[in-house]
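Novice: Encoded as structure tokens, here's the structure I'll be asking about.
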Amino acid sequence: MASLNVGNLGEYLREQRRTAQLSLRQLADAAGVSNPYLSQIERGLRKPSAEVLQQVAKALRISAETLYVRAGILDEKEREELETRAVILADPSINERQKQVLLQIYDSFRKENAADAAAADEDAVPPSS
């Protein structure tokens, strides 16, 4: 699917709904929210809760984290980390112990890279006189 370039959450939701070929009423029913409320979200008149965004994402079969980023609930780096974890946990070809080991390795790499980045930032700052 082509990358969407929309400015806000409501526009993004409307585009996702149209791509899924759902009417406003169909999406509202599938997400368990009222038709007028969903319309207000699409028009940028209401800011939905994380719970409502999760229901809408499930109905659209898209990532709730993507909607959280669009709504300003989650930043992009947090979304990427959550999606990586979700992919590991959802992989049916590895067992639970292997999933936990992979997550531990992933966490250790993230911590190591964060420490390296912090050290590089400290080295880049000139000492004050």
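Letters for chains follow the order of the structure tokens (A, B, ...), residue numbers begin at 1 for each chain, and ligand numbers begin at 1 in the order shown.
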Give me the residues within 10 Å of Arg25 in chain A as JSON, numbers by chain, counting only C-alpha atoms and dropping any in the same chain fewer than 2 places off.
Specialist: {"A": [22, 23, 27, 28, 29, 30, 31, 33, 34, 35, 36, 38, 39]}
Novice: Excluding Gln54 in chain A and any residue of its chain fewer than 6 positions from it, enumerate the residues within 9 Å of it, using only C-alpha atoms, and give them as a ChimeraX atom specification.
Specialist: /A:31,63-65,67-68
Novice: Just N, CA, C and O atoms for this one: save the residues we selected as a PDB file, in the first residue's frame.
Specialist:
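See out-v3.pdb below for the written result:
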ATOM      1  N   ALA A  31     -15.924  -0.852  15.727  1.00  0.00           N
ATOM      2  CA  ALA A  31     -15.078  -0.356  16.814  1.00  0.00           C
ATOM      3  C   ALA A  31     -15.850  -0.199  18.124  1.00  0.00           C
ATOM      4  O   ALA A  31     -15.242   0.047  19.169  1.00  0.00           O
ATOM      5  N   SER A  63      -2.057  -1.011  13.175  1.00  0.00           N
ATOM      6  CA  SER A  63      -1.347  -0.913  14.442  1.00  0.00           C
ATOM      7  C   SER A  63      -1.930   0.189  15.325  1.00  0.00           C
ATOM      8  O   SER A  63      -2.029   1.344  14.909  1.00  0.00           O
ATOM      9  N   ALA A  64      -2.294  -0.176  16.549  1.00  0.00           N
ATOM     10  CA  ALA A  64      -2.778   0.827  17.499  1.00  0.00           C
ATOM     11  C   ALA A  64      -1.661   1.822  17.810  1.00  0.00           C
ATOM     12  O   ALA A  64      -1.921   3.017  17.992  1.00  0.00           O
ATOM     13  N   GLU A  65      -0.422   1.342  17.824  1.00  0.00           N
ATOM     14  CA  GLU A  65       0.699   2.221  18.128  1.00  0.00           C
ATOM     15  C   GLU A  65       0.826   3.337  17.104  1.00  0.00           C
ATOM     16  O   GLU A  65       1.174   4.466  17.441  1.00  0.00           O
ATOM     17  N   LEU A  67      -1.617   4.764  15.550  1.00  0.00           N
ATOM     18  CA  LEU A  67      -2.634   5.756  15.912  1.00  0.00           C
ATOM     19  C   LEU A  67      -2.217   6.536  17.147  1.00  0.00           C
ATOM     20  O   LEU A  67      -2.469   7.736  17.245  1.00  0.00           O
ATOM     21  N   TYR A  68      -1.569   5.871  18.107  1.00  0.00           N
ATOM     22  CA  TYR A  68      -1.093   6.566  19.312  1.00  0.00           C
ATOM     23  C   TYR A  68      -0.085   7.648  18.949  1.00  0.00           C
ATOM     24  O   TYR A  68      -0.098   8.738  19.517  1.00  0.00           O
TER      25      TYR A  68
END
Novice: Pick out the residues sitting within 12 Å of Ala20 in chain A, and hand them over as a list of chain:residue names; count only C-alpha atoms, and ignore anything fewer than 2 positions along from it in its own chain.
Specialist: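 So, after excluding close chain neighbours, the residues are A:Met1, A:Leu13, A:Arg14, A:Glu15, A:Gln16, A:Arg17, A:Arg18, A:Leu22, A:Ser23, A:Leu24, A:Gln26, A:Leu27, A:Ala57, A:Ala59, A:Leu60, A:Arg61, A:Ile62.
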Novice: Name the closest residue to Lys47 in chain A among the candidates A:Ala114, A:Glu83, A:Ala119, A:Leu9; distances are taken between atoms, counting only C-alpha atoms.
Specialist: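 When distances to Lys47 in chain A are compared using only C-alpha atoms, the smallest one comes from A:Leu9.
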Novice: Could you name the residues that touch range 102-107 of chain A at 12 Å or less, counting only C-alpha atoms, but leaving out those on the same chain fewer than 2 positions away, as a list in words?
Specialist: Glu81, Leu82, Thr84, Arg85, Ala86, Val87, Ile88, Leu89, Asp91, Ile94, Asn95, Glu96, Arg97, Gln98, Lys99, Gln100, Phe109, Arg110, Lys111, Glu112, Asn113 and Ala114 of chain A
Novice: Could you save the residues just selected, with C-alpha atoms, as a PDB file, in the first residue's frame?
Specialist:
ATOM      1  CA  GLU A  81      10.130  -0.589  20.133  1.00  0.00           C
ATOM      2  CA  LEU A  82       6.597  -1.813  20.864  1.00  0.00           C
ATOM      3  CA  THR A  84       9.461  -4.930  17.424  1.00  0.00           C
ATOM      4  CA  ARG A  85       8.451  -6.593  20.684  1.00  0.00           C
ATOM      5  CA  ALA A  86       5.033  -7.494  19.284  1.00  0.00           C
ATOM      6  CA  VAL A  87       6.574  -9.132  16.213  1.00  0.00           C
ATOM      7  CA  ILE A  88       8.907 -11.219  18.358  1.00  0.00           C
ATOM      8  CA  LEU A  89       6.087 -12.283  20.685  1.00  0.00           C
ATOM      9  CA  ASP A  91       6.276 -15.343  15.921  1.00  0.00           C
ATOM     10  CA  ILE A  94       9.922 -19.889  18.131  1.00  0.00           C
ATOM     11  CA  ASN A  95       8.974 -21.029  21.617  1.00  0.00           C
ATOM     12  CA  GLU A  96       8.307 -18.845  24.661  1.00  0.00           C
ATOM     13  CA  ARG A  97      11.789 -19.316  26.138  1.00  0.00           C
ATOM     14  CA  GLN A  98      13.381 -18.281  22.843  1.00  0.00           C
ATOM     15  CA  LYS A  99      11.115 -15.237  22.644  1.00  0.00           C
ATOM     16  CA  GLN A 100      12.170 -14.145  26.127  1.00  0.00           C
ATOM     17  CA  PHE A 109      21.503  -3.893  22.589  1.00  0.00           C
ATOM     18  CA  ARG A 110      19.166  -0.916  23.104  1.00  0.00           C
ATOM     19  CA  LYS A 111      20.786  -0.096  26.474  1.00  0.00           C
ATOM     20  CA  GLU A 112      24.281  -0.442  25.011  1.00  0.00           C
ATOM     21  CA  ASN A 113      23.443   1.829  22.078  1.00  0.00           C
ATOM     22  CA  ALA A 114      21.813   4.396  24.361  1.00  0.00           C
TER      23      ALA A 114
END
